[in-house]
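Next comes run_10.csv, a file with CSV, C-alpha atoms.
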chain,number,residue,atom,x,y,z
A,1,MET,CA,11.3,-19.9,9.8
A,2,SER,CA,9.8,-16.5,8.9
A,3,SER,CA,6.5,-15.2,10.3
A,4,ASN,CA,4.9,-15.9,7.0
A,5,ASP,CA,5.3,-19.6,7.5
A,6,LEU,CA,2.9,-19.4,10.4
A,7,LEU,CA,0.1,-18.0,8.3
A,8,PRO,CA,-2.6,-20.4,7.1
A,9,ILE,CA,-2.4,-21.3,3.4
A,10,HIS,CA,-5.4,-20.2,1.4
A,11,THR,CA,-6.6,-22.4,-1.4
A,12,GLY,CA,-8.8,-20.5,-3.8
A,13,THR,CA,-10.8,-21.6,-6.7
A,14,VAL,CA,-9.8,-20.8,-10.3
A,15,ILE,CA,-12.4,-18.9,-12.3
A,16,GLU,CA,-12.5,-21.0,-15.4
A,17,ASP,CA,-13.6,-19.6,-18.7
A,18,ASP,CA,-17.3,-18.9,-18.9
A,19,ASN,CA,-18.4,-19.7,-15.5
A,20,LEU,CA,-19.3,-16.3,-14.0
A,21,THR,CA,-23.0,-15.4,-13.7
A,22,LEU,CA,-24.2,-11.9,-14.3
A,23,GLU,CA,-24.8,-11.5,-10.6
A,24,GLN,CA,-21.3,-12.7,-9.7
A,25,LEU,CA,-19.7,-10.4,-12.3
A,26,CYS,CA,-21.7,-7.4,-11.0
A,27,HIS,CA,-20.7,-8.2,-7.4
A,28,ALA,CA,-17.1,-8.8,-8.3
A,29,CYS,CA,-16.8,-5.4,-10.0
A,30,GLY,CA,-19.1,-3.4,-7.8
A,31,VAL,CA,-21.4,-2.4,-10.6
A,32,HIS,CA,-25.1,-2.6,-11.4
A,33,ALA,CA,-26.4,-5.2,-13.8
A,34,ASP,CA,-27.7,-2.4,-16.1
A,35,TRP,CA,-24.1,-1.2,-16.7
A,36,VAL,CA,-22.9,-4.8,-17.5
A,37,ILE,CA,-25.9,-5.3,-19.9
A,38,SER,CA,-25.0,-2.1,-21.7
A,39,LEU,CA,-21.4,-3.4,-22.1
A,40,VAL,CA,-22.8,-6.6,-23.6
A,41,GLU,CA,-25.0,-4.6,-26.0
A,42,GLU,CA,-21.9,-2.7,-27.1
A,43,SER,CA,-20.0,-6.0,-27.6
A,44,ILE,CA,-17.4,-4.9,-25.0
A,45,ILE,CA,-17.8,-8.2,-23.2
A,46,GLU,CA,-19.4,-11.3,-24.8
A,47,PRO,CA,-21.1,-13.8,-22.6
A,48,GLN,CA,-21.9,-17.4,-23.5
A,49,GLY,CA,-25.6,-18.2,-23.5
A,50,ASN,CA,-28.6,-16.5,-25.1
A,51,GLU,CA,-30.9,-15.4,-22.2
A,52,ILE,CA,-29.7,-13.1,-19.5
A,53,GLN,CA,-30.4,-15.7,-16.8
A,54,ARG,CA,-28.0,-18.1,-18.6
A,55,TRP,CA,-25.3,-15.7,-19.4
A,56,ARG,CA,-21.8,-16.9,-18.4
A,57,PHE,CA,-18.8,-14.6,-18.4
A,58,SER,CA,-15.1,-15.4,-18.6
A,59,GLY,CA,-12.4,-14.2,-16.3
A,60,ILE,CA,-11.3,-11.8,-19.1
A,61,SER,CA,-14.7,-10.0,-18.7
A,62,LEU,CA,-13.7,-9.1,-15.1
A,63,VAL,CA,-10.7,-7.2,-16.4
A,64,ARG,CA,-12.6,-5.6,-19.2
A,65,VAL,CA,-15.5,-4.4,-17.0
A,66,ARG,CA,-13.2,-2.9,-14.5
A,67,SER,CA,-11.1,-1.2,-17.2
A,68,ALA,CA,-14.3,0.1,-18.7
A,69,LEU,CA,-15.5,1.4,-15.4
A,70,ARG,CA,-12.2,3.3,-14.8
A,71,LEU,CA,-12.2,4.8,-18.4
A,72,HIS,CA,-15.7,6.0,-17.9
A,73,ARG,CA,-15.2,7.4,-14.4
A,74,ASP,CA,-11.7,8.9,-14.8
A,75,LEU,CA,-11.8,10.1,-18.4
A,76,GLY,CA,-15.5,10.4,-19.1
A,77,VAL,CA,-15.3,8.0,-22.1
A,78,ASN,CA,-18.7,6.8,-23.4
A,79,LEU,CA,-19.5,3.2,-24.3
A,80,ALA,CA,-18.5,3.4,-28.0
A,81,GLY,CA,-15.3,5.1,-26.9
A,82,ILE,CA,-14.6,2.4,-24.3
A,83,ALA,CA,-15.1,-0.4,-26.8
A,84,LEU,CA,-12.7,1.3,-29.2
A,85,ALA,CA,-10.1,2.1,-26.5
A,86,LEU,CA,-10.2,-1.5,-25.1
A,87,ASP,CA,-9.8,-3.1,-28.5
A,88,LEU,CA,-7.0,-0.8,-29.4
A,89,MET,CA,-5.3,-1.3,-26.1
A,90,GLU,CA,-5.5,-5.1,-26.5
A,91,GLU,CA,-4.0,-4.8,-30.0
A,92,LEU,CA,-1.3,-2.6,-28.6
A,93,ASP,CA,-0.5,-5.2,-26.0
A,94,ALA,CA,-0.3,-7.9,-28.6
A,95,LEU,CA,2.0,-5.8,-30.8
A,96,ARG,CA,4.2,-5.0,-27.8
A,97,GLU,CA,4.5,-8.8,-27.1
A,98,GLN,CA,5.5,-9.3,-30.8
A,99,LEU,CA,8.0,-6.5,-30.5
A,100,LYS,CA,9.6,-8.1,-27.5
A,101,ILE,CA,10.0,-11.3,-29.4
A,102,THR,CA,11.7,-9.7,-32.4
A,103,GLN,CA,13.9,-7.5,-30.3
A,104,ARG,CA,15.2,-10.3,-28.2
A,105,ASP,CA,18.7,-10.7,-29.7
B,106,MET,CA,5.4,16.6,5.2
B,107,GLU,CA,6.4,17.5,1.7
B,108,TYR,CA,5.2,20.5,-0.2
B,109,LYS,CA,3.4,19.5,-3.5
B,110,ASP,CA,3.7,21.7,-6.5
B,111,TYR,CA,0.3,21.2,-8.1
B,112,TYR,CA,1.1,23.5,-11.0
B,113,LYS,CA,4.3,21.6,-11.8
B,114,ILE,CA,2.5,18.3,-11.6
B,115,MET,CA,0.0,19.6,-14.2
B,116,GLY,CA,2.7,21.3,-16.3
B,117,LEU,CA,1.0,24.7,-15.9
B,118,SER,CA,2.1,28.1,-15.0
B,119,ARG,CA,0.7,29.8,-11.9
B,120,SER,CA,-1.3,32.1,-14.2
B,121,ALA,CA,-3.2,29.2,-15.8
B,122,THR,CA,-6.9,29.8,-16.4
B,123,GLN,CA,-9.7,27.3,-15.4
B,124,ASP,CA,-10.0,26.2,-19.0
B,125,GLU,CA,-6.3,25.6,-19.2
B,126,VAL,CA,-6.4,23.6,-16.0
B,127,LYS,CA,-9.2,21.4,-17.4
B,128,ARG,CA,-7.5,20.9,-20.7
B,129,ALA,CA,-4.2,20.0,-19.0
B,130,TYR,CA,-6.0,17.5,-16.8
B,131,ARG,CA,-7.8,15.8,-19.7
B,132,LYS,CA,-4.6,15.5,-21.7
B,133,LEU,CA,-2.5,14.2,-18.8
B,134,ALA,CA,-5.3,11.9,-17.5
B,135,ARG,CA,-5.3,10.1,-20.8
B,136,LYS,CA,-1.5,9.9,-20.8
B,137,TYR,CA,-1.1,8.5,-17.3
B,138,HIS,CA,-4.3,6.5,-16.9
B,139,PRO,CA,-3.2,3.2,-15.5
B,140,ASP,CA,-5.3,1.3,-18.1
B,141,VAL,CA,-3.6,3.2,-20.9
B,142,SER,CA,-0.1,3.9,-19.8
B,143,LYS,CA,2.6,1.2,-19.6
B,144,GLU,CA,4.9,3.4,-17.5
B,145,ARG,CA,5.7,1.7,-14.2
B,146,ASP,CA,4.7,4.6,-12.1
B,147,ALA,CA,1.6,5.5,-14.1
B,148,GLU,CA,-0.7,4.8,-11.2
B,149,ALA,CA,1.2,7.1,-8.8
B,150,LYS,CA,1.4,9.8,-11.5
B,151,PHE,CA,-2.3,9.5,-12.2
B,152,LYS,CA,-3.1,9.8,-8.5
B,153,ALA,CA,-0.9,12.9,-8.1
B,154,LEU,CA,-2.6,14.4,-11.1
B,155,GLY,CA,-6.0,13.7,-9.6
B,156,GLU,CA,-5.0,15.4,-6.4
B,157,ALA,CA,-3.6,18.5,-8.2
B,158,TYR,CA,-6.7,18.8,-10.3
B,159,GLU,CA,-8.9,18.5,-7.2
B,160,VAL,CA,-7.3,21.6,-5.9
B,161,LEU,CA,-6.7,23.7,-9.0
B,162,LYS,CA,-10.2,23.1,-10.6
B,163,ASP,CA,-11.9,24.4,-7.4
B,164,PRO,CA,-11.6,28.2,-7.2
B,165,GLN,CA,-11.8,28.2,-3.4
B,166,LYS,CA,-9.1,25.5,-2.9
B,167,LYS,CA,-7.0,27.1,-5.6
B,168,ALA,CA,-7.1,30.5,-4.0
B,169,ALA,CA,-6.1,28.9,-0.7
B,170,TYR,CA,-3.3,27.0,-2.3
B,171,ASP,CA,-2.1,30.1,-4.1
B,172,LYS,CA,-2.0,31.9,-0.9
B,173,LEU,CA,0.8,29.7,0.4
B,174,GLY,CA,3.0,31.5,-2.1
B,175,ALA,CA,5.1,30.6,-5.1
B,176,ASN,CA,8.3,30.2,-3.3
B,177,TRP,CA,7.9,26.6,-2.1
B,178,LYS,CA,9.8,23.9,-4.0
B,179,ALA,CA,8.3,20.5,-4.6
B,180,GLY,CA,9.4,18.0,-1.9
B,181,GLU,CA,10.4,20.8,0.5
B,182,GLU,CA,9.5,20.2,4.2
B,183,PHE,CA,6.2,22.0,4.7
B,184,ARG,CA,4.0,23.0,7.6
B,185,PRO,CA,0.7,24.9,7.1
B,186,PRO,CA,0.6,28.5,8.3
B,187,PRO,CA,-0.4,28.7,12.0
B,188,ASN,CA,-3.8,30.2,11.5
B,189,TRP,CA,-4.6,28.1,8.3
B,190,HIS,CA,-7.8,26.5,9.5
B,191,GLU,CA,-9.2,29.8,10.8
B,192,SER,CA,-9.0,31.3,7.3
B,193,PHE,CA,-10.2,28.3,5.4
B,194,ASP,CA,-12.5,25.5,6.4
B,195,PHE,CA,-12.4,22.5,4.1
B,196,GLU,CA,-13.1,19.9,6.8
B,197,GLY,CA,-15.4,17.1,5.8
B,198,GLY,CA,-15.2,17.8,2.1
B,199,ASP,CA,-16.5,15.3,-0.3
B,200,PHE,CA,-13.9,14.5,-2.9
B,201,ALA,CA,-14.1,12.6,-6.2
B,202,GLY,CA,-11.6,10.0,-7.0
B,203,GLY,CA,-12.1,7.8,-4.0
B,204,GLY,CA,-8.4,7.2,-3.3
B,205,ALA,CA,-6.6,8.6,-0.4
B,206,PHE,CA,-4.8,11.9,-1.1
B,207,SER,CA,-1.4,12.9,0.2
B,208,ASP,CA,-0.7,14.1,3.8
B,209,PHE,CA,0.0,17.5,2.2
B,210,PHE,CA,-3.5,17.6,0.8
B,211,GLU,CA,-5.1,16.4,4.0
B,212,GLN,CA,-3.3,18.9,6.1
B,213,LEU,CA,-4.6,21.7,4.0
B,214,PHE,CA,-8.0,20.6,3.0
B,215,GLY,CA,-9.0,17.9,5.5
B,216,ARG,CA,-9.4,14.2,4.9
B,217,ALA,CA,-11.6,12.8,2.2
B,218,GLY,CA,-14.7,11.2,3.6
B,219,PHE,CA,-15.1,7.8,2.3
B,220,GLN,CA,-18.1,7.3,0.0
B,221,GLN,CA,-19.3,3.8,-0.8
B,222,SER,CA,-19.2,3.6,-4.5
B,223,THR,CA,-22.4,1.7,-4.9
B,224,GLY,CA,-24.2,3.6,-2.1
B,225,ARG,CA,-25.4,0.3,-0.7
B,226,ALA,CA,-23.8,0.5,2.7
B,227,THR,CA,-26.4,2.0,5.0
B,228,ARG,CA,-25.7,1.9,8.7
B,229,GLY,CA,-27.2,-1.0,10.6
B,230,ALA,CA,-28.2,-3.0,7.5
B,231,GLN,CA,-26.6,-6.3,6.9
B,232,VAL,CA,-24.5,-5.8,3.8
B,233,GLN,CA,-22.0,-8.2,2.2
B,234,GLY,CA,-18.6,-6.7,1.7
B,235,GLN,CA,-17.3,-5.9,-1.8
B,236,ASP,CA,-15.1,-8.2,-3.7
B,237,SER,CA,-11.6,-6.8,-3.9
B,238,HIS,CA,-9.0,-7.3,-6.6
B,239,ALA,CA,-5.3,-7.7,-6.9
B,240,LYS,CA,-2.8,-8.7,-9.6
B,241,ILE,CA,0.0,-11.1,-8.7
B,242,TYR,CA,3.0,-12.0,-10.8
B,243,ILE,CA,4.1,-15.7,-10.6
B,244,ASP,CA,6.9,-17.6,-12.3
B,245,LEU,CA,6.3,-20.2,-15.1
B,246,ASP,CA,7.5,-22.9,-12.7
B,247,ASP,CA,4.8,-22.0,-10.2
B,248,SER,CA,2.2,-22.9,-12.8
B,249,ILE,CA,3.9,-26.0,-14.0
B,250,GLN,CA,4.5,-27.5,-10.5
B,251,GLY,CA,2.0,-25.7,-8.4
B,252,ALA,CA,3.3,-23.4,-5.6
B,253,MET,CA,2.6,-21.5,-2.5
B,254,ARG,CA,3.1,-17.7,-2.7
B,255,ASN,CA,3.1,-15.1,0.0
B,256,ILE,CA,1.4,-12.0,-1.1
B,257,SER,CA,1.3,-8.6,0.6
B,258,LEU,CA,-1.9,-6.6,0.2
B,259,SER,CA,-2.6,-3.0,1.1
B,260,THR,CA,-6.3,-2.7,1.5
B,261,PRO,CA,-8.2,0.6,2.2
B,262,GLU,CA,-10.5,0.1,5.1
B,263,MET,CA,-13.0,2.4,6.7
B,264,ASP,CA,-12.3,3.1,10.3
B,265,ALA,CA,-15.0,3.9,13.0
B,266,GLN,CA,-15.1,7.6,12.0
B,267,GLY,CA,-15.7,6.7,8.4
B,268,TYR,CA,-12.1,7.6,7.3
B,269,MET,CA,-10.1,5.5,4.9
B,270,GLN,CA,-7.1,3.7,6.4
B,271,VAL,CA,-4.7,1.7,4.4
B,272,LYS,CA,-4.1,-1.7,6.1
B,273,ARG,CA,-1.3,-4.1,5.1
B,274,ARG,CA,-1.7,-7.8,5.4
B,275,ASN,CA,0.0,-10.9,4.2
B,276,LEU,CA,-1.6,-14.0,2.8
B,277,ASN,CA,-0.2,-17.3,1.8
B,278,VAL,CA,-1.9,-18.4,-1.4
B,279,LYS,CA,-1.8,-21.7,-3.1
B,280,ILE,CA,-1.1,-21.4,-6.8
B,281,PRO,CA,-2.9,-24.2,-8.5
B,282,LYS,CA,-1.0,-26.3,-11.1
B,283,GLY,CA,-1.7,-25.2,-14.7
B,284,ILE,CA,-3.0,-21.7,-14.0
B,285,LYS,CA,-2.8,-19.5,-17.1
B,286,PRO,CA,-1.9,-15.8,-17.4
B,287,GLY,CA,-5.0,-13.7,-17.2
B,288,GLN,CA,-6.9,-16.3,-15.1
B,289,HIS,CA,-8.3,-15.4,-11.7
B,290,ILE,CA,-8.2,-17.2,-8.3
B,291,ARG,CA,-11.1,-16.5,-6.1
B,292,LEU,CA,-10.4,-16.5,-2.3
B,293,ALA,CA,-13.7,-16.6,-0.6
B,294,GLY,CA,-14.2,-14.2,2.3
B,295,GLN,CA,-10.8,-12.4,1.8
B,296,GLY,CA,-12.3,-9.3,0.3
B,297,ASP,CA,-13.8,-6.2,1.9
B,298,PRO,CA,-15.4,-6.9,5.3
B,299,GLY,CA,-19.2,-6.8,5.4
B,300,SER,CA,-21.0,-4.5,7.6
B,301,GLY,CA,-23.8,-5.2,10.1
B,302,GLY,CA,-22.8,-8.8,10.3
B,303,GLY,CA,-22.8,-9.3,6.6
B,304,LYS,CA,-20.4,-11.7,4.9
B,305,ALA,CA,-17.0,-10.5,3.7
B,306,GLY,CA,-16.5,-10.2,0.0
B,307,ASP,CA,-14.1,-12.3,-2.0
B,308,LEU,CA,-10.6,-11.5,-3.1
B,309,LEU,CA,-10.0,-12.0,-6.8
B,310,LEU,CA,-6.4,-12.5,-7.8
B,311,GLU,CA,-5.5,-11.9,-11.4
B,312,ILE,CA,-2.6,-14.0,-12.5
B,313,ALA,CA,0.3,-12.6,-14.6
B,314,PHE,CA,3.6,-14.3,-15.4
B,315,ASN,CA,7.1,-12.9,-14.8
B,316,ASN,CA,9.2,-12.8,-17.9
B,317,HIS,CA,11.3,-16.0,-18.2
B,318,ARG,CA,14.8,-16.1,-19.5
B,319,LEU,CA,14.0,-18.8,-22.1
B,320,TYR,CA,10.3,-19.3,-22.5
B,321,ARG,CA,7.3,-17.2,-23.2
B,322,VAL,CA,3.7,-18.2,-22.5
B,323,ALA,CA,0.6,-17.5,-24.5
B,324,ASP,CA,-2.6,-18.9,-23.1
B,325,SER,CA,-1.6,-22.5,-22.1
B,326,ASP,CA,1.2,-22.8,-24.7
B,327,ILE,CA,4.9,-22.3,-24.0
B,328,TYR,CA,7.3,-21.0,-26.7
B,329,LEU,CA,11.0,-21.4,-27.0
B,330,ASP,CA,13.3,-19.7,-29.5
B,331,LEU,CA,15.9,-22.4,-30.4
B,332,PRO,CA,19.1,-21.4,-32.3
B,333,VAL,CA,20.1,-24.0,-35.0
B,334,THR,CA,22.9,-24.1,-37.5
B,335,PRO,CA,22.1,-23.7,-41.2
B,336,TRP,CA,23.1,-27.4,-41.9
B,337,GLU,CA,20.8,-28.6,-39.1
B,338,ALA,CA,18.0,-26.7,-40.6
B,339,ALA,CA,18.8,-27.8,-44.2
B,340,LEU,CA,19.7,-31.4,-43.6
B,341,GLY,CA,17.6,-32.3,-40.6
B,342,ALA,CA,19.1,-33.3,-37.3
B,343,THR,CA,18.3,-34.6,-33.8
B,344,ILE,CA,19.3,-32.0,-31.2
B,345,GLN,CA,18.7,-31.3,-27.6
B,346,ALA,CA,16.3,-28.6,-26.5
B,347,PRO,CA,15.4,-27.4,-23.0
B,348,THR,CA,11.8,-27.7,-21.8
B,349,PRO,CA,10.5,-26.9,-18.3
B,350,ASP,CA,10.5,-30.6,-17.6
B,351,GLY,CA,14.2,-31.0,-18.6
B,352,MET,CA,16.1,-31.6,-21.8
B,353,VAL,CA,14.4,-33.4,-24.7
B,354,ASP,CA,15.6,-34.9,-28.0
B,355,LEU,CA,14.1,-32.9,-30.8
B,356,LYS,CA,14.0,-34.0,-34.4
B,357,ILE,CA,14.5,-31.2,-36.9
B,358,PRO,CA,13.0,-32.1,-40.3
B,359,PRO,CA,15.1,-31.5,-43.4
B,360,ASN,CA,14.5,-28.2,-45.2
B,361,SER,CA,13.3,-26.4,-42.1
B,362,HIS,CA,13.5,-22.6,-42.4
B,363,GLN,CA,13.9,-19.6,-40.2
B,364,GLY,CA,10.9,-19.4,-37.9
B,365,SER,CA,9.7,-23.0,-38.4
B,366,LYS,CA,7.6,-24.1,-35.5
B,367,LEU,CA,7.9,-27.5,-34.1
B,368,ARG,CA,5.2,-28.7,-31.7
B,369,LEU,CA,5.6,-31.0,-28.7
B,370,LYS,CA,2.0,-31.8,-27.9
B,371,GLY,CA,0.8,-31.6,-24.3
B,372,ARG,CA,4.2,-30.2,-23.1
B,373,GLY,CA,2.8,-26.8,-22.3
B,374,LEU,CA,1.1,-25.7,-19.1
B,375,PRO,CA,-0.5,-28.7,-17.4
B,376,GLY,CA,-4.3,-29.0,-17.2
B,377,LYS,CA,-7.4,-31.0,-18.3
B,378,THR,CA,-6.4,-30.1,-21.8
B,379,PRO,CA,-2.7,-29.4,-21.4
B,380,GLY,CA,-1.1,-26.7,-23.6
B,381,ASP,CA,1.6,-27.4,-26.2
B,382,PHE,CA,5.3,-26.6,-26.3
B,383,PHE,CA,6.4,-24.8,-29.4
B,384,VAL,CA,10.0,-24.6,-30.6
B,385,VAL,CA,10.7,-21.7,-33.0
B,386,LEU,CA,13.8,-22.3,-35.0
B,387,GLN,CA,16.3,-19.4,-35.2
B,388,ILE,CA,18.9,-20.1,-37.8
B,389,ALA,CA,22.3,-18.8,-36.6
B,390,LEU,CA,24.9,-17.9,-39.3
B,391,PRO,CA,28.5,-19.0,-38.7
B,392,PRO,CA,30.9,-16.0,-39.0
B,393,ALA,CA,33.4,-16.0,-41.8
B,394,HIS,CA,36.3,-15.2,-39.7
B,395,SER,CA,38.7,-17.8,-40.9
B,396,GLU,CA,40.0,-18.6,-44.4
B,397,ARG,CA,38.4,-22.0,-44.3
B,398,ALA,CA,35.0,-20.5,-43.4
B,399,LYS,CA,35.4,-18.0,-46.2
B,400,ALA,CA,36.2,-20.7,-48.6
B,401,ILE,CA,33.1,-22.6,-47.7
B,402,TYR,CA,30.9,-19.5,-48.2
B,403,GLN,CA,32.6,-18.9,-51.6
B,404,LYS,CA,31.9,-22.4,-52.6
B,405,MET,CA,28.2,-22.0,-51.7
B,406,GLN,CA,28.1,-18.8,-53.7
B,407,GLN,CA,29.5,-20.7,-56.8
B,408,GLU,CA,27.6,-23.9,-56.4
B,409,LEU,CA,24.1,-22.8,-55.1
B,410,ASP,CA,21.6,-21.1,-57.2
B,411,PHE,CA,20.0,-19.1,-54.5
B,412,ASN,CA,18.3,-15.7,-54.7
B,413,PRO,CA,16.5,-14.7,-51.5
B,414,ARG,CA,15.3,-11.5,-53.2
B,415,LEU,CA,13.5,-13.1,-56.0
B,416,SER,CA,10.1,-11.9,-54.8
B,417,LEU,CA,11.4,-8.3,-54.6
B,418,GLY,CA,12.1,-8.4,-58.3
B,419,GLY,CA,15.9,-8.5,-57.7
Written form, structure tokens:
Amino acid sequence: MSSNDLLPIHTGTVIEDDNLTLEQLCHACGVHADWVISLVEESIIEPQGNEIQRWRFSGISLVRVRSALRLHRDLGVNLAGIALALDLMEELDALREQLKITQRD
Amino acid sequence: MEYKDYYKIMGLSRSATQDEVKRAYRKLARKYHPDVSKERDAEAKFKALGEAYEVLKDPQKKAAYDKLGANWKAGEEFRPPPNWHESFDFEGGDFAGGGAFSDFFEQLFGRAGFQQSTGRATRGAQVQGQDSHAKIYIDLDDSIQGAMRNISLSTPEMDAQGYMQVKRRNLNVKIPKGIKPGQHIRLAGQGDPGSGGGKAGDLLLEIAFNNHRLYRVADSDIYLDLPVTPWEAALGATIQAPTPDGMVDLKIPPNSHQGSKLRLKGRGLPGKTPGDFFVVLQIALPPAHSERAKAIYQKMQQELDFNPRLSLGG
């Protein structure tokens, strides 16, 4: 029995698609609502729901907001540049996946 | 403590101008940015680059660093000159980047004071801790059956003097059945501690899957490349195929072709709406090593009117 066996087991909750509020997303990423709103205006993340109070974000938004933050902070990329970079990076990931499949043998 | 060659890290000569330093930083920052680069050690390289830039972009720090001389080699055992702190005073500096710098940097320029990124933490006020983030890699089986995983986290924490300390801790986390790559698990109260009696933040774990020998996962669907013979594909057959739940009988319809996808509904990752299991046929060609095999190929050549290059104008 290792010492890890003595630790309590944490049962978390899964963040399902489209169930993060604006407030939760801001808190999770440590950013202001204004910044998230500008990301929505640039179509970098796309919430469900029309009014801000009803916006619901997916778990993917978490990843995108944090990537956007780093690109802005570390490389000085502006919003349009962030949108372009994230789209291209996702496309690149998808292509790399495809490449892995075709290069299997 | 190891000497760091900041010029080498940035690929610059010691005579580099401020403009060259800035341009080199911009170029390498794009190359090694952890969001952009797929290199395994990108994060470490990006950090080292940030530290080098922190010194070389600042005329005062650069002058001090240059004074150590050019004869040091990267990785060499290093001690600052005895009267170092009398000639330069960098203590209590305020550095960008947030992350902890190397011992070498701290010996020379003092430790980076920790700045709360949002500026919300004021002494005495009751403030909820930030949510923290980590990415964990699980196996396909962990999602199919549910599992318990021990994860080791290193979290930066502020000590009583306001310095960053890296603390390691272990957590046992339940991996719920049916979790998909890219989803997050929220562990309430396991994030950064609050201050002034405020609640701790949450820990958000992003799920990624380890590569599997047989299967690949996309969203909640599982894919298997299954080799078949030309006659199984052409004539149809019932063959055995592995799935995460064990072997299944699979009916290959006649006239299947290379890359044909067969779907086993609901045999993907479990869940309220379970994913599907897809078998992608890979037609394997028998080698023409023997006379008999050659004869069969020759017979096909004579008997079959088949031109795969028709659409190429061949």
For Val14 in chain A, which residue among B:His362, B:Lys370, B:Lys285, B:Lys109 is the nearest when counting only C-alpha atoms?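 Of B:His362, B:Lys370, B:Lys285, B:Lys109, the one nearest Val14 in chain A, counting only C-alpha atoms, is B:Lys285.
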Using only C-alpha atoms, find the residues of chain A whose closest atom to chain B is at most 8 Å away, then write them as a VMD selection string. chain A and resid 4 7 to 16 27 to 31 59 to 60 67 70 to 71 74 to 75 89
Suppose you want the space between CA of Ile241 in chain B and CA of Val65 in chain A; what is it in Å?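 Between these atoms lies a distance of 18.8 Å.
Proximity of B:Phe314, B:Gln250, B:Glu337, B:Arg128 to Gln363 in chain B, computed with only C-alpha atoms, is greatest for B:Glu337.
By all atoms listed in the file, and with residues fewer than 4 positions from Ala68 in chain A along its chain excluded, the set lying at most 8 Å from it is Arg64, His72, Ile82 and Leu86 of chain A.
Comparing A:Thr21, A:Gln103, A:Gln98, A:Asn78 by their smallest distance to Arg54 in chain A, the closest is A:Thr21 (using only C-alpha atoms).
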Computed interatomic separation between CA of Pro286 in chain B and CA of Asp244 in chain B (Å):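 According to the coordinates, CA of Pro286 in chain B and CA of Asp244 in chain B are separated by 10.3 Å.
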Distance query Ile44 in chain A at most 7 Å, all atoms listed in the file, self and fewer than 3 positions along chain excluded, as a compact mmCIF listing (two decimals) with C-alpha atoms, in the coordinates of the input:
# COMPACT_ATOMS: atom_id res chain seq x y z
CA LEU A 39 -21.40 -3.40 -22.10
CA VAL A 40 -22.80 -6.60 -23.60
CA ALA A 83 -15.10 -0.40 -26.80
Let me make sure I understand: among A:Leu99, A:Leu25, A:Leu79, A:Ala85, which one has the smallest atom-to-atom distance to Val63 in chain A if we use all atoms listed in the file?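 Nearest candidate to Val63 in chain A out of A:Leu99, A:Leu25, A:Leu79, A:Ala85: A:Leu25.
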Report the distance between CA of Gly364 in chain B and CA of Val385 in chain B in Å, rounded to one decimal place. 5.4 Å
Because some atoms of range 36-47 of chain A are absent here, can you restore N, CA and C atoms and send them as an mmCIF file, in the coordinates of the input?
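Final output, part.cif:
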data_model
loop_
_atom_site.group_PDB
_atom_site.id
_atom_site.type_symbol
_atom_site.label_atom_id
_atom_site.label_comp_id
_atom_site.auth_asym_id
_atom_site.auth_seq_id
_atom_site.Cartn_x
_atom_site.Cartn_y
_atom_site.Cartn_z
ATOM 1 N N VAL A 36 -23.515 -3.608 -16.873
ATOM 2 C CA VAL A 36 -22.900 -4.800 -17.500
ATOM 3 C C VAL A 36 -23.739 -5.101 -18.811
ATOM 4 N N ILE A 37 -25.077 -4.985 -18.716
ATOM 5 C CA ILE A 37 -25.900 -5.300 -19.900
ATOM 6 C C ILE A 37 -25.579 -4.301 -21.024
ATOM 7 N N SER A 38 -25.341 -3.028 -20.670
ATOM 8 C CA SER A 38 -25.000 -2.100 -21.700
ATOM 9 C C SER A 38 -23.628 -2.392 -22.338
ATOM 10 N N LEU A 39 -22.726 -2.961 -21.523
ATOM 11 C CA LEU A 39 -21.400 -3.400 -22.100
ATOM 12 C C LEU A 39 -21.575 -4.547 -23.027
ATOM 13 N N VAL A 40 -22.511 -5.452 -22.699
ATOM 14 C CA VAL A 40 -22.800 -6.600 -23.600
ATOM 15 C C VAL A 40 -23.372 -6.098 -24.885
ATOM 16 N N GLU A 41 -24.320 -5.136 -24.771
ATOM 17 C CA GLU A 41 -25.000 -4.600 -26.000
ATOM 18 C C GLU A 41 -23.963 -3.919 -26.895
ATOM 19 N N GLU A 42 -22.904 -3.374 -26.319
ATOM 20 C CA GLU A 42 -21.900 -2.700 -27.100
ATOM 21 C C GLU A 42 -20.798 -3.678 -27.556
ATOM 22 N N SER A 43 -20.986 -4.979 -27.232
ATOM 23 C CA SER A 43 -20.000 -6.000 -27.600
ATOM 24 C C SER A 43 -18.646 -5.768 -26.874
ATOM 25 N N ILE A 44 -18.662 -5.103 -25.750
ATOM 26 C CA ILE A 44 -17.400 -4.900 -25.000
ATOM 27 C C ILE A 44 -17.040 -6.168 -24.281
ATOM 28 N N ILE A 45 -18.036 -6.853 -23.764
ATOM 29 C CA ILE A 45 -17.800 -8.200 -23.200
ATOM 30 C C ILE A 45 -18.858 -9.116 -23.880
ATOM 31 N N GLU A 46 -18.470 -10.370 -24.061
ATOM 32 C CA GLU A 46 -19.400 -11.300 -24.800
ATOM 33 C C GLU A 46 -19.597 -12.545 -23.962
ATOM 34 N N PRO A 47 -20.792 -12.648 -23.346
ATOM 35 C CA PRO A 47 -21.100 -13.800 -22.600
ATOM 36 C C PRO A 47 -21.489 -15.013 -23.450
#
